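Asker: Quick one: the structure is below, questions incoming.
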Amino acid sequence: PGLRTRAFIMNTLLADKATKDRLRSYPHWVASRNLANEASDESVEALVDAVVSRYELARRWYRLKARLLGVERLAYYDRAAPVAQSEQRVSYTDARDLVLDCYRSFSPELGAVAEEFFTGGYIDAPPVPGKRGGAFCSYTVPSAHPYVLLNHTGRIGDALTMAHELGHGVHAALARPRGVFEFTTPLTVAETASIVGETIVLERLLDQAPDAATRLSLLAESLDGAVAAVFRQVAMNRFEDRVHNERRDSGELAVESINAAWLDTQADLLGDSVERSDEYGIWWSYVPHFIDTPGYVYAYAYGNLLALSVYRRYEEEGEGFVGSYLDLLRAGGSMPPEDLGKIVGVDLADPGFWASGLDLIERQLDAAEQAAAEADRI
């Protein structure tokens with residue numbers, strides 16, 4: 001119901017953006033978004049090319065997931081189904097001690113900044129009636145210390161969430177001296193500290209996991225997040241790229257044309273690993289980013305892979321990397337992402353840089369396949 005109306009709205013907004021881009025002399029449909037994200041066209045193209053070339057990683061995960069769920073192929077609506085639930089529980093105190101120990105092991109300074117959230121009363125964890133769900137880091141101006149808000153329920157995944165949100169927190173805390181105009185970062189850089197922090201804790205949990213089933217549960221949750229944030233977002237970017245350009249080249253798009261663009265770009269990602277139907281063709285119409293922030297979605301992949309690739313550089317360089325990484329966090333949003341990358345010696349316009357983050361996802365996928373076999377799940 002309402003699909004034709006949503007298609008009309010989409011067509012109108014596609015035409016409106018084309019007009020604004022022409023009047024403002026933007027060379028292509030996503031140029032204005034790249035400018036807002038402070039990302040060069042070259043770095044975005046390198047990201048997209050790198051991810052598309054490794055779509056097979058997402059397909060491998062969906063094939064493994066189907067086997068774990070006992071079905072021949074996943075249905076498109078079951079891609080996010082949980083495959084393993086760990087019985088391991090972690091108290092709030094134990095999660096705090098784990099995360100802080102991991103942060104201190106990486107950098108004593110980073111650990112001290114993270115500890116301030118607990119000792120200073122800048123973190124709220126208990127789920128209570130009326131409290132917003134999920135977890136997030138909230139900060140306003142540099143003169144006010146940032147806050148971390150959680151809903152800790154004792155799941156092992158809650159420790160990873162704490163590590164993630166504290167990553168945002170320490171990034172904000174270290175960047176406070178930059179002042180109000182250079183304090184915050186564009187979305188393309190905002191996930192750097194959070195995902196690096198989460199990955200450090202994930203590696204510790206995997207090392208300490210008592211059995212293959214626990215490792216599988218940890219890896220499955222991580223892979224679900226990576227596939228959704230990296231591969232799926234780039235596939236949605238490919239959909240946007242197609243409909244924006246078709247609208248400019250051919251005029252108003254029929255509902256069937258928009259549906260076909262969605263199914264084609266999703267088929268590129270999913271291959272034969274997920275069972276699709278014509279019904280899936282209308283799923284473009286529920287994504288609010290396409291309507292209110294055209295071009296937005298690739299930034300999820302940009303931010304996630306940037307963080308994973310930075311973590312890979314840490315694995316390669318060890319302690320010698322930590323100082324430049326802290327300089328990156330202290331810089332806040334004072335430079336474009338590519339200049340921030342230079343602080344830690346990476347080139348965001350090089351597809352090989354993005355490939356190193358994808359290599360980390362592949363390593364987790366290899367480990368998940370091994371853990372599934374050891375746990376007799378496949």
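Chain labels A, B, ... are given in the sequence in which chains occur in the structure tokens; within each chain residues are numbered consecutively from 1, and ligands are likewise numbered from 1 in the order shown.
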Using only C-alpha atoms, which residues of stretch 154-233 of chain A come within 10 Å of stretch 77-82 of chain A, and what is the closest atom pair for each, with the distance in Å to one decimal? Give it as a tab-separated table, sorted by chain and residue number.
Answerer:
```
residue	atom	partner	partner_atom	distance
A:Ser217	CA	A:Pro82	CA	8.8
A:Ala220	CA	A:Pro82	CA	8.0
A:Glu221	CA	A:Pro82	CA	7.8
A:Asp224	CA	A:Ala80	CA	6.8
A:Gly225	CA	A:Ala80	CA	9.2
A:Val227	CA	A:Ala80	CA	9.9
A:Ala228	CA	A:Ala80	CA	8.7
```
Asker: Those selected residues, please, written with C-alpha atoms and delivered as a PDB file, in the first residue's frame.
Answerer:
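Once everything was written out, this is part17.pdb:
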```pdb
ATOM      1  CA  SER A 217      28.512 -16.741  18.874  1.00  0.00           C
ATOM      2  CA  ALA A 220      28.547 -14.458  14.198  1.00  0.00           C
ATOM      3  CA  GLU A 221      27.451 -11.227  15.860  1.00  0.00           C
ATOM      4  CA  ASP A 224      26.407  -9.827  10.969  1.00  0.00           C
ATOM      5  CA  GLY A 225      27.396  -6.281  11.865  1.00  0.00           C
ATOM      6  CA  VAL A 227      28.166  -7.469   6.459  1.00  0.00           C
ATOM      7  CA  ALA A 228      25.309  -5.078   7.238  1.00  0.00           C
TER       8      ALA A 228
END
```
Asker: From the DSSP assignment of the backbone, select every residue of stretch 250-343 of chain A that is alpha helix (DSSP H), and format the answer as a PyMOL selection string.
Answerer: chain A and resi 250+255-270+288-292+298-317+322-330+337-343
Asker: Take the residues just selected and output them with C-alpha atoms as a PDB file, in the first residue's frame.
Answerer:
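Okay, part_36.pdb is ready:
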```pdb
ATOM      1  CA  SER A 250      15.757   8.995 -18.909  1.00  0.00           C
ATOM      2  CA  VAL A 255       7.767   1.777 -10.035  1.00  0.00           C
ATOM      3  CA  GLU A 256       8.910  -1.329 -11.879  1.00  0.00           C
ATOM      4  CA  SER A 257      12.147   0.386 -12.924  1.00  0.00           C
ATOM      5  CA  ILE A 258      12.980   1.354  -9.340  1.00  0.00           C
ATOM      6  CA  ASN A 259      12.155  -2.160  -8.159  1.00  0.00           C
ATOM      7  CA  ALA A 260      14.388  -3.619 -10.879  1.00  0.00           C
ATOM      8  CA  ALA A 261      17.268  -1.349  -9.857  1.00  0.00           C
ATOM      9  CA  TRP A 262      16.942  -2.589  -6.274  1.00  0.00           C
ATOM     10  CA  LEU A 263      16.759  -6.271  -7.250  1.00  0.00           C
ATOM     11  CA  ASP A 264      19.667  -6.005  -9.691  1.00  0.00           C
ATOM     12  CA  THR A 265      22.013  -4.274  -7.262  1.00  0.00           C
ATOM     13  CA  GLN A 266      21.019  -6.662  -4.466  1.00  0.00           C
ATOM     14  CA  ALA A 267      21.585  -9.635  -6.781  1.00  0.00           C
ATOM     15  CA  ASP A 268      25.130  -8.386  -7.377  1.00  0.00           C
ATOM     16  CA  LEU A 269      25.709  -8.594  -3.633  1.00  0.00           C
ATOM     17  CA  LEU A 270      23.803 -11.751  -2.747  1.00  0.00           C
ATOM     18  CA  PRO A 288      14.703   6.757   4.943  1.00  0.00           C
ATOM     19  CA  HIS A 289      18.256   7.720   3.945  1.00  0.00           C
ATOM     20  CA  PHE A 290      17.312   7.591   0.256  1.00  0.00           C
ATOM     21  CA  ILE A 291      14.638  10.209   0.926  1.00  0.00           C
ATOM     22  CA  ASP A 292      16.111  12.674   3.392  1.00  0.00           C
ATOM     23  CA  TYR A 298      28.265   4.640   1.846  1.00  0.00           C
ATOM     24  CA  ALA A 299      29.556   6.515   4.903  1.00  0.00           C
ATOM     25  CA  TYR A 300      28.717   3.502   7.093  1.00  0.00           C
ATOM     26  CA  ALA A 301      31.036   1.348   5.019  1.00  0.00           C
ATOM     27  CA  TYR A 302      33.633   4.125   4.834  1.00  0.00           C
ATOM     28  CA  GLY A 303      33.730   4.543   8.607  1.00  0.00           C
ATOM     29  CA  ASN A 304      33.690   0.826   9.426  1.00  0.00           C
ATOM     30  CA  LEU A 305      36.369  -0.183   6.935  1.00  0.00           C
ATOM     31  CA  LEU A 306      38.498   2.816   7.849  1.00  0.00           C
ATOM     32  CA  ALA A 307      38.500   1.624  11.463  1.00  0.00           C
ATOM     33  CA  LEU A 308      39.213  -2.009  10.567  1.00  0.00           C
ATOM     34  CA  SER A 309      42.018  -1.016   8.223  1.00  0.00           C
ATOM     35  CA  VAL A 310      43.515   1.218  10.918  1.00  0.00           C
ATOM     36  CA  TYR A 311      43.334  -1.734  13.330  1.00  0.00           C
ATOM     37  CA  ARG A 312      45.183  -3.880  10.796  1.00  0.00           C
ATOM     38  CA  ARG A 313      47.905  -1.234  10.680  1.00  0.00           C
ATOM     39  CA  TYR A 314      48.129  -1.502  14.490  1.00  0.00           C
ATOM     40  CA  GLU A 315      48.517  -5.289  14.190  1.00  0.00           C
ATOM     41  CA  GLU A 316      51.371  -4.781  11.744  1.00  0.00           C
ATOM     42  CA  GLU A 317      53.206  -2.021  13.634  1.00  0.00           C
ATOM     43  CA  VAL A 322      49.753   3.875  19.238  1.00  0.00           C
ATOM     44  CA  GLY A 323      51.184   7.408  19.400  1.00  0.00           C
ATOM     45  CA  SER A 324      50.080   8.346  15.893  1.00  0.00           C
ATOM     46  CA  TYR A 325      46.668   6.759  16.529  1.00  0.00           C
ATOM     47  CA  LEU A 326      46.136   8.973  19.592  1.00  0.00           C
ATOM     48  CA  ASP A 327      47.187  11.978  17.492  1.00  0.00           C
ATOM     49  CA  LEU A 328      44.483  10.979  15.014  1.00  0.00           C
ATOM     50  CA  LEU A 329      41.857  10.977  17.781  1.00  0.00           C
ATOM     51  CA  ARG A 330      43.078  14.289  19.220  1.00  0.00           C
ATOM     52  CA  PRO A 337      39.500  12.150   6.451  1.00  0.00           C
ATOM     53  CA  GLU A 338      42.356  11.700   3.985  1.00  0.00           C
ATOM     54  CA  ASP A 339      44.578  14.090   5.937  1.00  0.00           C
ATOM     55  CA  LEU A 340      43.609  12.370   9.175  1.00  0.00           C
ATOM     56  CA  GLY A 341      44.609   9.086   7.559  1.00  0.00           C
ATOM     57  CA  LYS A 342      48.047  10.469   6.806  1.00  0.00           C
ATOM     58  CA  ILE A 343      48.620  10.896  10.547  1.00  0.00           C
TER      59      ILE A 343
END
```
Asker: In terms of the shortest atom-to-atom distance over only C-alpha atoms, which of A:Glu182, A:Glu198, A:Asp97, A:Asp124 is closest to A:Pro336?
Answerer: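 Among A:Glu182, A:Glu198, A:Asp97, A:Asp124, it is A:Glu182 that comes nearest to A:Pro336.
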Asker: Under the rule that only C-alpha atoms are counted, which of A:Trp283, A:Ser356, A:Val297, A:Glu252 is the nearest residue to A:Met10?
Answerer: A:Glu252
Asker: Show me, as a list of chain:residue names, the residues that have an atom within 6 Å of stretch 158-167 of chain A when counting only C-alpha atoms, minus same-chain residues fewer than 5 positions from it.
Answerer: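 The filter keeps A:Ala95, A:Val99, A:Phe136, A:Cys137, A:His152, A:Ala193, A:Ser194, A:Ile195, A:Gly197, A:Glu198.
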Asker: Limited to all heavy atoms, could you put the picked residues into a file as a tab-separated table (two decimals), in the first residue's frame?
Answerer:
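Once written, out29.tsv looks like this:
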```tsv
chain	number	residue	atom	x	y	z
A	95	ALA	N	32.36	-6.48	32.95
A	95	ALA	CA	32.47	-5.86	31.62
A	95	ALA	C	33.33	-4.59	31.71
A	95	ALA	O	34.20	-4.37	30.86
A	95	ALA	CB	31.09	-5.52	31.08
A	99	VAL	N	36.86	-4.17	29.70
A	99	VAL	CA	37.04	-3.12	28.69
A	99	VAL	C	38.19	-2.19	29.09
A	99	VAL	O	39.04	-1.84	28.27
A	99	VAL	CB	35.73	-2.33	28.50
A	99	VAL	CG1	35.97	-1.11	27.62
A	99	VAL	CG2	34.66	-3.24	27.88
A	136	PHE	N	24.45	4.63	23.10
A	136	PHE	CA	25.04	5.68	22.28
A	136	PHE	C	25.90	6.58	23.16
A	136	PHE	O	25.80	6.57	24.40
A	136	PHE	CB	23.98	6.51	21.55
A	136	PHE	CG	22.93	7.13	22.43
A	136	PHE	CD1	22.99	8.46	22.79
A	136	PHE	CD2	21.86	6.36	22.89
A	136	PHE	CE1	22.02	9.03	23.59
A	136	PHE	CE2	20.88	6.92	23.70
A	136	PHE	CZ	20.96	8.26	24.05
A	137	CYS	N	26.77	7.31	22.52
A	137	CYS	CA	27.59	8.31	23.19
A	137	CYS	C	27.01	9.68	22.85
A	137	CYS	O	26.74	9.98	21.69
A	137	CYS	CB	29.04	8.21	22.73
A	137	CYS	SG	30.12	9.48	23.43
A	152	HIS	N	22.76	-2.24	29.91
A	152	HIS	CA	23.52	-3.47	30.18
A	152	HIS	C	22.60	-4.53	30.77
A	152	HIS	O	22.00	-4.35	31.83
A	152	HIS	CB	24.66	-3.19	31.15
A	152	HIS	CG	25.61	-4.34	31.27
A	152	HIS	ND1	26.72	-4.48	30.47
A	152	HIS	CD2	25.59	-5.42	32.09
A	152	HIS	CE1	27.36	-5.59	30.79
A	152	HIS	NE2	26.70	-6.17	31.78
A	193	ALA	N	37.39	5.25	16.39
A	193	ALA	CA	37.78	4.83	17.74
A	193	ALA	C	36.84	3.78	18.29
A	193	ALA	O	37.26	2.88	19.04
A	193	ALA	CB	37.81	6.05	18.66
A	194	SER	N	35.57	3.86	17.95
A	194	SER	CA	34.60	2.91	18.51
A	194	SER	C	34.84	1.50	17.99
A	194	SER	O	34.83	0.52	18.77
A	194	SER	CB	33.17	3.36	18.18
A	194	SER	OG	32.99	3.49	16.78
A	195	ILE	N	35.08	1.36	16.71
A	195	ILE	CA	35.26	0.03	16.14
A	195	ILE	C	36.64	-0.52	16.50
A	195	ILE	O	36.79	-1.73	16.75
A	195	ILE	CB	35.02	0.05	14.62
A	195	ILE	CG1	33.55	0.34	14.35
A	195	ILE	CG2	35.44	-1.27	13.97
A	195	ILE	CD1	33.19	0.50	12.91
A	197	GLY	N	38.18	0.12	19.33
A	197	GLY	CA	38.01	-0.32	20.72
A	197	GLY	C	37.23	-1.62	20.81
A	197	GLY	O	37.59	-2.53	21.58
A	198	GLU	N	36.16	-1.72	20.04
A	198	GLU	CA	35.36	-2.95	20.05
A	198	GLU	C	36.17	-4.14	19.55
A	198	GLU	O	36.08	-5.25	20.10
A	198	GLU	CB	34.12	-2.75	19.18
A	198	GLU	CG	33.18	-3.93	19.15
A	198	GLU	CD	31.96	-3.69	18.28
A	198	GLU	OE1	31.74	-2.54	17.84
A	198	GLU	OE2	31.22	-4.67	18.04
```
Asker: For atom CA of A:Asp272 and atom CA of A:Arg363, determine how far apart the two atoms are, in Å to one decimal place.
Answerer: 22.3 Å
Asker: For each of A:Ala212, A:Val48, A:Ala175, A:Ala58, take the minimum atom-to-atom distance to A:Ala373, counting only C-alpha atoms, then give the residue where this is smallest.
Answerer: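 Counting only C-alpha atoms, the residue closest to A:Ala373 is A:Ala212.
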Asker: So which residues touch A:Tyr76 within 9 Å, counting only C-alpha atoms, skipping near sequence neighbours fewer than 5 positions away, as a list in words?
Answerer: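 My reading of the contact set: Val274, Glu275, Arg276, Ser277 and Tyr280 of chain A.
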Asker: Run DSSP on the backbone and grab whatever in stretch 36-264 of chain A lands in strand (DSSP E or B); send it over as a ChimeraX atom specification.
Answerer: /A:74-75,89,123-124,136-138,147-149,155
Asker: What does the structure give for the distance between atom CA of A:Arg4 and atom CA of A:His28, in Å to one decimal?
Answerer: 26.9 Å
Asker: I'd like the neighbourhood of A:Arg178 as a count of residues only, where a residue qualifies if any of its atoms comes within 8 Å (using only C-alpha atoms), though same-chain residues fewer than 6 positions away should be ignored.
Answerer: 4
Asker: Considering only C-alpha atoms, state which residue in the set A:Thr188, A:Trp284, A:Leu35, A:Gly295 is at the smallest distance from A:His244.
Answerer: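 The closest residue to A:His244 is A:Gly295.
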Asker: Quick one, how far is atom CA of A:Leu150 from atom CA of A:Ala114?
Answerer: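 For atom CA of A:Leu150 relative to atom CA of A:Ala114, the distance reads 14.7 Å.
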Asker: When you count only C-alpha atoms, which of these residues is closest to A:Pro294: A:Ala50, A:Ala209, A:Leu3, A:Ala18?
Answerer: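 Nearest candidate to A:Pro294 out of A:Ala50, A:Ala209, A:Leu3, A:Ala18: A:Ala18.
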Asker: Pick the closest to A:Leu360 from A:Glu203, A:Glu279, A:Glu45, A:Asp21: which is it, counting only C-alpha atoms?
Answerer: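 Of A:Glu203, A:Glu279, A:Glu45, A:Asp21, the one nearest A:Leu360 is A:Glu203, counting only C-alpha atoms.
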Asker: With a distance cut-off of 9 Å and only C-alpha atoms, select the neighbouring residues of stretch 117-121 of chain A, excluding the residue or stretch itself and same-chain residues fewer than 2 positions from it, and output the selection as a ChimeraX atom specification.
Answerer: /A:96,113-115,123-124,145-148,166,169-170
Asker: Okay, now the selection with C-alpha atoms, as a compact mmCIF listing (two decimals), in the first residue's frame?
Answerer:
```
# COMPACT_ATOMS: atom_id res chain seq x y z
CA ARG A 96 33.89 -2.57 32.92
CA VAL A 113 40.53 8.64 29.59
CA ALA A 114 38.05 5.74 29.44
CA GLU A 115 38.18 5.29 33.22
CA ILE A 123 28.19 6.63 32.11
CA ASP A 124 24.69 5.29 32.69
CA HIS A 145 32.40 16.03 29.24
CA PRO A 146 30.74 13.48 26.91
CA TYR A 147 28.38 10.83 28.28
CA VAL A 148 27.98 7.14 27.45
CA LEU A 166 33.53 4.19 25.09
CA GLY A 169 33.61 8.72 24.26
CA VAL A 170 37.41 8.74 24.32
```
Asker: Tell me which protein, DNA and RNA residues are within 10 Å of A:Pro127, counting only C-alpha atoms, leaving out same-chain ones fewer than 5 positions away, and put them as a PyMOL selection string.
Answerer: chain A and resi 132-134+149-153
